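J.: So here's coords.pdb (PDB, C-alpha atoms).
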ATOM      1  CA  MET A  26      23.508  -6.873  38.109
ATOM      2  CA  ILE A  27      23.675  -3.414  36.548
ATOM      3  CA  LYS A  28      25.693  -4.823  33.664
ATOM      4  CA  LYS A  29      22.916  -7.344  32.916
ATOM      5  CA  ILE A  30      20.313  -4.573  32.950
ATOM      6  CA  PHE A  31      22.346  -2.534  30.453
ATOM      7  CA  ILE A  32      22.787  -5.570  28.199
ATOM      8  CA  VAL A  33      19.047  -6.310  28.226
ATOM      9  CA  LEU A  34      18.276  -2.635  27.622
ATOM     10  CA  ALA A  35      20.761  -2.509  24.719
ATOM     11  CA  ILE A  36      19.229  -5.639  23.184
ATOM     12  CA  LEU A  37      15.752  -4.122  23.461
ATOM     13  CA  ILE A  38      16.868  -0.852  21.855
ATOM     14  CA  VAL A  39      18.579  -2.670  18.986
ATOM     15  CA  SER A  40      15.523  -4.926  18.505
ATOM     16  CA  PHE A  41      13.080  -2.002  18.398
ATOM     17  CA  SER A  42      15.377  -0.072  16.068
ATOM     18  CA  PHE A  43      15.564  -3.020  13.678
ATOM     19  CA  TYR A  44      11.779  -3.481  13.792
ATOM     20  CA  TYR A  45      11.209   0.216  13.098
ATOM     21  CA  TYR A  46      13.627   0.154  10.176
ATOM     22  CA  TRP A  47      12.072  -3.024   8.763
ATOM     23  CA  GLN A  48       8.521  -1.643   8.882
ATOM     24  CA  ASN A  49       9.461   1.735   7.363
ATOM     25  CA  ARG A  50      11.695   0.583   4.525
ATOM     26  CA  TYR A  51      10.370   1.083   0.997
ATOM     27  CA  VAL A  52       9.348  -1.910  -1.123
ATOM     28  CA  GLU A  53       7.932  -2.146  -4.623
ATOM     29  CA  LEU A  54       4.181  -1.609  -4.863
ATOM     30  CA  ARG A  55       2.468  -4.595  -6.426
ATOM     31  CA  PRO A  56      -1.251  -4.951  -7.145
ATOM     32  CA  VAL A  57      -3.261  -7.215  -4.866
ATOM     33  CA  LEU A  58      -6.167  -9.408  -5.955
ATOM     34  CA  SER A  59      -8.726 -11.358  -3.958
ATOM     35  CA  LYS A  60      -8.326 -15.107  -4.061
ATOM     36  CA  GLU A  61     -10.694 -18.012  -3.896
ATOM     37  CA  TYR A  62     -11.101 -18.843  -0.253
ATOM     38  CA  THR A  63     -11.884 -22.460   0.602
ATOM     39  CA  ARG A  64     -10.856 -22.819   4.235
ATOM     40  CA  PRO A  65     -13.820 -22.710   6.637
ATOM     41  CA  ILE A  66     -11.882 -20.978   9.431
ATOM     42  CA  ILE A  67     -10.435 -17.513   8.883
ATOM     43  CA  VAL A  68      -7.199 -17.020  10.770
ATOM     44  CA  PHE A  69      -5.850 -13.824   9.220
ATOM     45  CA  GLN A  70      -7.525 -11.155   7.096
ATOM     46  CA  ASN A  71      -4.667 -11.380   4.588
ATOM     47  CA  ASP A  72      -5.734 -14.963   3.765
ATOM     48  CA  TYR A  73      -8.325 -13.443   1.425
ATOM     49  CA  TYR A  74      -5.761 -11.692  -0.774
ATOM     50  CA  ARG A  75      -2.694 -12.433  -2.841
ATOM     51  CA  ILE A  76      -0.097 -10.335  -4.620
ATOM     52  CA  ALA A  77      -0.745 -10.359  -8.357
ATOM     53  CA  GLU A  78       1.780 -11.649 -10.848
ATOM     54  CA  ARG A  79       3.025  -9.324 -13.599
ATOM     55  CA  ASN A  80       0.668 -10.809 -16.207
ATOM     56  CA  GLU A  81      -2.351 -10.455 -13.861
ATOM     57  CA  THR A  82      -1.983  -6.733 -13.342
ATOM     58  CA  PRO A  83      -5.285  -4.899 -13.847
ATOM     59  CA  PRO A  84      -5.420  -2.527 -16.833
ATOM     60  CA  ASN A  85      -4.261   1.015 -16.063
ATOM     61  CA  PHE A  86      -2.979   0.043 -12.610
ATOM     62  CA  TYR A  87       0.446   1.624 -13.015
ATOM     63  CA  GLU A  88      -0.965   4.711 -14.775
ATOM     64  CA  ASN A  89      -3.608   5.438 -12.115
ATOM     65  CA  ILE A  90      -1.936   4.358  -8.891
ATOM     66  CA  ARG A  91      -0.211   7.722  -8.423
ATOM     67  CA  TYR A  92      -3.588   9.475  -8.331
ATOM     68  CA  VAL A  93      -5.001   6.916  -5.880
ATOM     69  CA  LEU A  94      -1.985   7.168  -3.576
ATOM     70  CA  GLY A  95      -2.170  10.961  -3.697
ATOM     71  CA  ARG A  96      -5.870  10.945  -2.816
ATOM     72  CA  GLU A  97      -5.290   8.494   0.039
ATOM     73  CA  ASN A  98      -2.335  10.520   1.400
ATOM     74  CA  GLN A  99       0.041   7.574   1.071
ATOM     75  CA  ASP A 100       3.761   8.290   1.030
ATOM     76  CA  TYR A 101       5.486   6.792  -1.959
ATOM     77  CA  ILE A 102       8.708   7.095  -3.891
ATOM     78  CA  GLU A 103       9.015   6.736  -7.634
ATOM     79  CA  LYS A 104      12.366   5.526  -8.905
ATOM     80  CA  ASP A 105      12.978   4.554 -12.538
ATOM     81  CA  GLY A 106       9.220   4.336 -13.154
ATOM     82  CA  ILE A 107       8.677   1.912 -10.250
ATOM     83  CA  ILE A 108       6.594   3.015  -7.278
ATOM     84  CA  TYR A 109       7.779   2.108  -3.791
ATOM     85  CA  ILE A 110       5.716   2.305  -0.599
ATOM     86  CA  LYS A 111       6.540   1.504   3.005
ATOM     87  CA  TYR A 112       6.639  -2.164   3.935
ATOM     88  CA  LYS A 113       4.055  -1.737   6.680
ATOM     89  CA  TYR A 114       1.562  -0.491   4.079
ATOM     90  CA  MET A 115       2.395  -3.188   1.555
ATOM     91  CA  ASN A 116       1.901  -5.745   4.303
ATOM     92  CA  ASP A 117      -1.727  -4.565   4.644
ATOM     93  CA  LEU A 118      -3.072  -6.494   1.673
ATOM     94  CA  GLU A 119      -6.654  -5.329   2.189
ATOM     95  CA  MET A 120      -5.642  -1.679   1.843
ATOM     96  CA  ILE A 121      -3.564  -2.381  -1.277
ATOM     97  CA  TRP A 122      -6.488  -4.410  -2.686
ATOM     98  CA  ASN A 123      -8.731  -1.352  -2.197
ATOM     99  CA  HIS A 124      -6.147   0.807  -3.994
ATOM    100  CA  THR A 125      -5.980  -1.751  -6.808
ATOM    101  CA  LEU A 126      -9.761  -1.635  -7.243
ATOM    102  CA  LYS A 127      -9.769   2.167  -7.275
ATOM    103  CA  THR A 128      -7.261   2.299 -10.136
ATOM    104  CA  ASN A 129      -9.930   0.986 -12.528
ATOM    105  CA  ASN A 130     -13.032   2.526 -10.937
ATOM    106  CA  LEU A 131     -14.151   5.427 -13.112
ATOM    107  CA  LYS A 132     -17.100   6.194 -10.805
ATOM    108  CA  TRP A 133     -14.746   6.659  -7.828
ATOM    109  CA  TYR A 134     -12.511   8.895  -9.935
ATOM    110  CA  LYS A 135     -15.412  11.120 -11.046
ATOM    111  CA  THR A 136     -16.613  11.440  -7.462
ATOM    112  CA  GLN A 137     -13.137  12.471  -6.311
ATOM    113  CA  ARG A 138     -12.812  15.043  -9.115
ATOM    114  CA  ARG A 139     -16.215  16.494  -8.174
ATOM    115  CA  MET A 140     -15.099  16.752  -4.546
ATOM    116  CA  ASP A 141     -11.880  18.441  -5.690
ATOM    117  CA  SER A 142     -13.822  21.057  -7.621
ATOM    118  CA  ILE A 143     -16.096  21.738  -4.633
ATOM    119  CA  ASN A 144     -13.253  21.900  -2.097
ATOM    120  CA  GLY A 145     -10.883  23.773  -4.373
ATOM    121  CA  ASP A 146      -8.207  21.052  -4.204
ATOM    122  CA  ASP A 147      -5.874  20.760  -7.147
ATOM    123  CA  TYR A 148      -5.063  17.226  -8.250
ATOM    124  CA  LYS A 149      -4.541  18.143 -11.887
ATOM    125  CA  LYS A 150      -0.977  16.855 -11.771
ATOM    126  CA  TYR A 151      -2.423  13.338 -11.587
ATOM    127  CA  LYS A 152      -3.984  11.900 -14.693
ATOM    128  CA  PHE A 153      -6.488   9.060 -14.471
ATOM    129  CA  HIS A 154      -6.422   6.763 -17.519
ATOM    130  CA  GLN A 155      -9.512   4.889 -18.626
TER     131      GLN A 155
END
Since I need it in another form, could you write the structure as structure tokens?

T.:
Amino acid sequence: MIKKIFIVLAILIVSFSFYYYWQNRYVELRPVLSKEYTRPIIVFQNDYYRIAERNETPPNFYENIRYVLGRENQDYIEKDGIIYIKYKYMNDLEMIWNHTLKTNNLKWYKTQRRMDSINGDDYKKYKFHQ
């Protein structure tokens, strides 16, 4: 009986460890776009969005995403010019869609810079391209 309890406990620990690793591994950040939605019943929020192909990438996405991620306090790793974020964040397509929109939103950028100057924050290391 005790042996079965230890086996079940070990399986649970290994399962949770694998899940934690899977959610916190780093994957390549890709822009997300909204898609035409034709189904009348919404099952998942992510049904509204899709990951953009390389030729569909919005202008200045890769130049401005560092600033957006810094402003949103998102952890990311840059390796060989490619930005990686945690899988659990990349799986939230609505959040990545918001980040994608912000990379080309000059009004949002100006508002953030004004807030930085008022609060004394220094985000000068990030450059926002127009």

J.: What's the 12 Å shell around Trp47 (chain A), counting only C-alpha atoms, without same-chain residues fewer than 4 positions away, as a short mmCIF file (atom, residue, chain, number, x, y, z; two decimals) with C-alpha atoms, keeping the file's coordinate frame?

T.:
data_model
loop_
_atom_site.label_atom_id
_atom_site.label_comp_id
_atom_site.auth_asym_id
_atom_site.auth_seq_id
_atom_site.Cartn_x
_atom_site.Cartn_y
_atom_site.Cartn_z
CA SER A 40 15.52 -4.93 18.50
CA PHE A 41 13.08 -2.00 18.40
CA SER A 42 15.38 -0.07 16.07
CA PHE A 43 15.56 -3.02 13.68
CA TYR A 51 10.37 1.08 1.00
CA VAL A 52 9.35 -1.91 -1.12
CA LYS A 111 6.54 1.50 3.00
CA TYR A 112 6.64 -2.16 3.94
CA LYS A 113 4.06 -1.74 6.68
CA TYR A 114 1.56 -0.49 4.08
CA ASN A 116 1.90 -5.74 4.30
#

J.: Output the residue selection produced by the PyMOL selection byres ((chain A and resi 53-55) around 8) on the file above, formatted as a PyMOL selection string.

T.: chain A and resi 51-52+56-57+76-77+107-110+115

J.: Residues of the last selection are to be written out with C-alpha atoms, as a short mmCIF file (atom, residue, chain, number, x, y, z; two decimals), keeping the file's coordinate frame.

T.:
data_model
loop_
_atom_site.label_atom_id
_atom_site.label_comp_id
_atom_site.auth_asym_id
_atom_site.auth_seq_id
_atom_site.Cartn_x
_atom_site.Cartn_y
_atom_site.Cartn_z
CA TYR A 51 10.37 1.08 1.00
CA VAL A 52 9.35 -1.91 -1.12
CA PRO A 56 -1.25 -4.95 -7.14
CA VAL A 57 -3.26 -7.22 -4.87
CA ILE A 76 -0.10 -10.34 -4.62
CA ALA A 77 -0.74 -10.36 -8.36
CA ILE A 107 8.68 1.91 -10.25
CA ILE A 108 6.59 3.02 -7.28
CA TYR A 109 7.78 2.11 -3.79
CA ILE A 110 5.72 2.31 -0.60
CA MET A 115 2.40 -3.19 1.56
#

J.: Would you kindly translate the PyMOL selection byres ((chain A and resi 127-133) around 8) into the concrete residues it picks from this file, as a PyMOL selection string?

T.: chain A and resi 83-86+89-90+93+123-126+134-137+155

J.: So, counting all atoms listed in the file, which residue among A:Arg96, A:Lys60, A:Arg75, A:Arg50 is closest to Asp117 (chain A)?

T.: A:Arg75

J.: What does the distance between CA of Trp122 (chain A) and CA of Arg138 (chain A) come to in Å, to one decimal place?

T.: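 CA of Arg138 (chain A) lies 21.4 Å from CA of Trp122 (chain A).
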
J.: In Å, how far is it from CA of Glu119 (chain A) to CA of Tyr44 (chain A)?

T.: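 It comes out at 21.9 Å.
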
J.: In Å, how far is it from CA of Glu81 (chain A) to CA of Leu58 (chain A)?

T.: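 Those two atoms sit 8.8 Å apart.
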
J.: Would you please work out which residue, of A:Met26, A:Asp72, A:Thr82, A:Ile121, is nearest to Gln99 (chain A) when using all atoms listed in the file?

T.: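 Among the listed residues, the smallest separation from Gln99 (chain A) belongs to A:Ile121.
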
J.: Between A:Val33, A:Ile102, A:Val39, A:Leu118, which one has atoms that come closest to Ser59 (chain A), using all atoms listed in the file?

T.: A:Leu118

J.: Missing atoms in region 117-128 of chain A need filling: write out all heavy atoms for it as a PDB file, in the coordinates of the input.

T.:
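And here is the file that came out, part-v3.pdb:
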ATOM      1  N   ASP A 117      -0.274  -4.640   4.467  1.00  0.00           N
ATOM      2  CA  ASP A 117      -1.727  -4.565   4.644  1.00  0.00           C
ATOM      3  C   ASP A 117      -2.379  -4.838   3.293  1.00  0.00           C
ATOM      4  O   ASP A 117      -2.684  -3.925   2.529  1.00  0.00           O
ATOM      5  CB  ASP A 117      -2.109  -3.189   5.176  1.00  0.00           C
ATOM      6  CG  ASP A 117      -3.585  -3.073   5.507  1.00  0.00           C
ATOM      7  OD1 ASP A 117      -4.334  -4.044   5.270  1.00  0.00           O
ATOM      8  OD2 ASP A 117      -3.989  -2.004   5.998  1.00  0.00           O
ATOM      9  N   LEU A 118      -2.591  -6.100   2.988  1.00  0.00           N
ATOM     10  CA  LEU A 118      -3.072  -6.494   1.673  1.00  0.00           C
ATOM     11  C   LEU A 118      -4.482  -5.984   1.386  1.00  0.00           C
ATOM     12  O   LEU A 118      -4.818  -5.710   0.237  1.00  0.00           O
ATOM     13  CB  LEU A 118      -3.008  -8.009   1.520  1.00  0.00           C
ATOM     14  CG  LEU A 118      -1.617  -8.628   1.540  1.00  0.00           C
ATOM     15  CD1 LEU A 118      -1.699 -10.124   1.335  1.00  0.00           C
ATOM     16  CD2 LEU A 118      -0.704  -7.985   0.521  1.00  0.00           C
ATOM     17  N   GLU A 119      -5.294  -5.842   2.414  1.00  0.00           N
ATOM     18  CA  GLU A 119      -6.654  -5.329   2.189  1.00  0.00           C
ATOM     19  C   GLU A 119      -6.621  -3.882   1.698  1.00  0.00           C
ATOM     20  O   GLU A 119      -7.356  -3.517   0.784  1.00  0.00           O
ATOM     21  CB  GLU A 119      -7.476  -5.434   3.467  1.00  0.00           C
ATOM     22  CG  GLU A 119      -8.918  -4.996   3.267  1.00  0.00           C
ATOM     23  CD  GLU A 119      -9.752  -5.175   4.514  1.00  0.00           C
ATOM     24  OE1 GLU A 119      -9.199  -5.468   5.586  1.00  0.00           O
ATOM     25  OE2 GLU A 119     -10.975  -5.023   4.397  1.00  0.00           O
ATOM     26  N   MET A 120      -5.766  -3.062   2.273  1.00  0.00           N
ATOM     27  CA  MET A 120      -5.642  -1.679   1.843  1.00  0.00           C
ATOM     28  C   MET A 120      -5.115  -1.605   0.406  1.00  0.00           C
ATOM     29  O   MET A 120      -5.651  -0.848  -0.421  1.00  0.00           O
ATOM     30  CB  MET A 120      -4.707  -0.906   2.767  1.00  0.00           C
ATOM     31  CG  MET A 120      -4.540   0.548   2.373  1.00  0.00           C
ATOM     32  SD  MET A 120      -3.338   1.409   3.376  1.00  0.00           S
ATOM     33  CE  MET A 120      -1.840   0.646   2.816  1.00  0.00           C
ATOM     34  N   ILE A 121      -4.109  -2.391   0.080  1.00  0.00           N
ATOM     35  CA  ILE A 121      -3.564  -2.381  -1.277  1.00  0.00           C
ATOM     36  C   ILE A 121      -4.596  -2.936  -2.262  1.00  0.00           C
ATOM     37  O   ILE A 121      -4.696  -2.464  -3.397  1.00  0.00           O
ATOM     38  CB  ILE A 121      -2.245  -3.185  -1.344  1.00  0.00           C
ATOM     39  CG1 ILE A 121      -1.223  -2.607  -0.360  1.00  0.00           C
ATOM     40  CG2 ILE A 121      -1.667  -3.174  -2.754  1.00  0.00           C
ATOM     41  CD1 ILE A 121      -0.861  -1.166  -0.613  1.00  0.00           C
ATOM     42  N   TRP A 122      -5.411  -3.896  -1.841  1.00  0.00           N
ATOM     43  CA  TRP A 122      -6.488  -4.410  -2.686  1.00  0.00           C
ATOM     44  C   TRP A 122      -7.488  -3.292  -2.989  1.00  0.00           C
ATOM     45  O   TRP A 122      -7.936  -3.141  -4.125  1.00  0.00           O
ATOM     46  CB  TRP A 122      -7.164  -5.591  -2.010  1.00  0.00           C
ATOM     47  CG  TRP A 122      -8.302  -6.174  -2.784  1.00  0.00           C
ATOM     48  CD1 TRP A 122      -8.229  -6.845  -3.972  1.00  0.00           C
ATOM     49  CD2 TRP A 122      -9.675  -6.152  -2.430  1.00  0.00           C
ATOM     50  NE1 TRP A 122      -9.481  -7.243  -4.371  1.00  0.00           N
ATOM     51  CE2 TRP A 122     -10.391  -6.836  -3.445  1.00  0.00           C
ATOM     52  CE3 TRP A 122     -10.384  -5.640  -1.348  1.00  0.00           C
ATOM     53  CZ2 TRP A 122     -11.770  -7.001  -3.392  1.00  0.00           C
ATOM     54  CZ3 TRP A 122     -11.745  -5.812  -1.305  1.00  0.00           C
ATOM     55  CH2 TRP A 122     -12.426  -6.477  -2.327  1.00  0.00           C
ATOM     56  N   ASN A 123      -7.837  -2.488  -1.973  1.00  0.00           N
ATOM     57  CA  ASN A 123      -8.731  -1.352  -2.197  1.00  0.00           C
ATOM     58  C   ASN A 123      -8.112  -0.364  -3.179  1.00  0.00           C
ATOM     59  O   ASN A 123      -8.801   0.161  -4.056  1.00  0.00           O
ATOM     60  CB  ASN A 123      -9.065  -0.663  -0.882  1.00  0.00           C
ATOM     61  CG  ASN A 123     -10.027  -1.452  -0.041  1.00  0.00           C
ATOM     62  OD1 ASN A 123     -10.863  -2.167  -0.571  1.00  0.00           O
ATOM     63  ND2 ASN A 123      -9.887  -1.356   1.269  1.00  0.00           N
ATOM     64  N   HIS A 124      -6.831  -0.090  -3.050  1.00  0.00           N
ATOM     65  CA  HIS A 124      -6.147   0.807  -3.994  1.00  0.00           C
ATOM     66  C   HIS A 124      -6.168   0.219  -5.402  1.00  0.00           C
ATOM     67  O   HIS A 124      -6.369   0.943  -6.375  1.00  0.00           O
ATOM     68  CB  HIS A 124      -4.704   1.048  -3.573  1.00  0.00           C
ATOM     69  CG  HIS A 124      -4.543   1.861  -2.330  1.00  0.00           C
ATOM     70  ND1 HIS A 124      -5.557   2.565  -1.730  1.00  0.00           N
ATOM     71  CD2 HIS A 124      -3.461   2.095  -1.563  1.00  0.00           C
ATOM     72  CE1 HIS A 124      -5.113   3.188  -0.659  1.00  0.00           C
ATOM     73  NE2 HIS A 124      -3.827   2.913  -0.537  1.00  0.00           N
ATOM     74  N   THR A 125      -5.966  -1.097  -5.502  1.00  0.00           N
ATOM     75  CA  THR A 125      -5.980  -1.751  -6.808  1.00  0.00           C
ATOM     76  C   THR A 125      -7.349  -1.612  -7.462  1.00  0.00           C
ATOM     77  O   THR A 125      -7.439  -1.328  -8.661  1.00  0.00           O
ATOM     78  CB  THR A 125      -5.610  -3.242  -6.663  1.00  0.00           C
ATOM     79  OG1 THR A 125      -4.323  -3.348  -6.049  1.00  0.00           O
ATOM     80  CG2 THR A 125      -5.586  -3.941  -8.010  1.00  0.00           C
ATOM     81  N   LEU A 126      -8.413  -1.783  -6.689  1.00  0.00           N
ATOM     82  CA  LEU A 126      -9.761  -1.635  -7.243  1.00  0.00           C
ATOM     83  C   LEU A 126     -10.028  -0.197  -7.689  1.00  0.00           C
ATOM     84  O   LEU A 126     -10.672   0.030  -8.716  1.00  0.00           O
ATOM     85  CB  LEU A 126     -10.807  -2.066  -6.221  1.00  0.00           C
ATOM     86  CG  LEU A 126     -10.861  -3.551  -5.883  1.00  0.00           C
ATOM     87  CD1 LEU A 126     -11.931  -3.812  -4.835  1.00  0.00           C
ATOM     88  CD2 LEU A 126     -11.120  -4.380  -7.117  1.00  0.00           C
ATOM     89  N   LYS A 127      -9.534   0.762  -6.940  1.00  0.00           N
ATOM     90  CA  LYS A 127      -9.769   2.167  -7.275  1.00  0.00           C
ATOM     91  C   LYS A 127      -9.061   2.590  -8.556  1.00  0.00           C
ATOM     92  O   LYS A 127      -9.487   3.526  -9.212  1.00  0.00           O
ATOM     93  CB  LYS A 127      -9.327   3.071  -6.128  1.00  0.00           C
ATOM     94  CG  LYS A 127     -10.240   2.976  -4.929  1.00  0.00           C
ATOM     95  CD  LYS A 127      -9.715   3.816  -3.786  1.00  0.00           C
ATOM     96  CE  LYS A 127     -10.591   3.640  -2.554  1.00  0.00           C
ATOM     97  NZ  LYS A 127     -10.063   4.371  -1.404  1.00  0.00           N
ATOM     98  N   THR A 128      -7.988   1.904  -8.926  1.00  0.00           N
ATOM     99  CA  THR A 128      -7.261   2.299 -10.136  1.00  0.00           C
ATOM    100  C   THR A 128      -8.069   2.084 -11.402  1.00  0.00           C
ATOM    101  O   THR A 128      -7.775   2.685 -12.431  1.00  0.00           O
ATOM    102  CB  THR A 128      -5.927   1.535 -10.271  1.00  0.00           C
ATOM    103  OG1 THR A 128      -6.180   0.138 -10.332  1.00  0.00           O
ATOM    104  CG2 THR A 128      -4.985   1.883  -9.144  1.00  0.00           C
TER     105      THR A 128
END
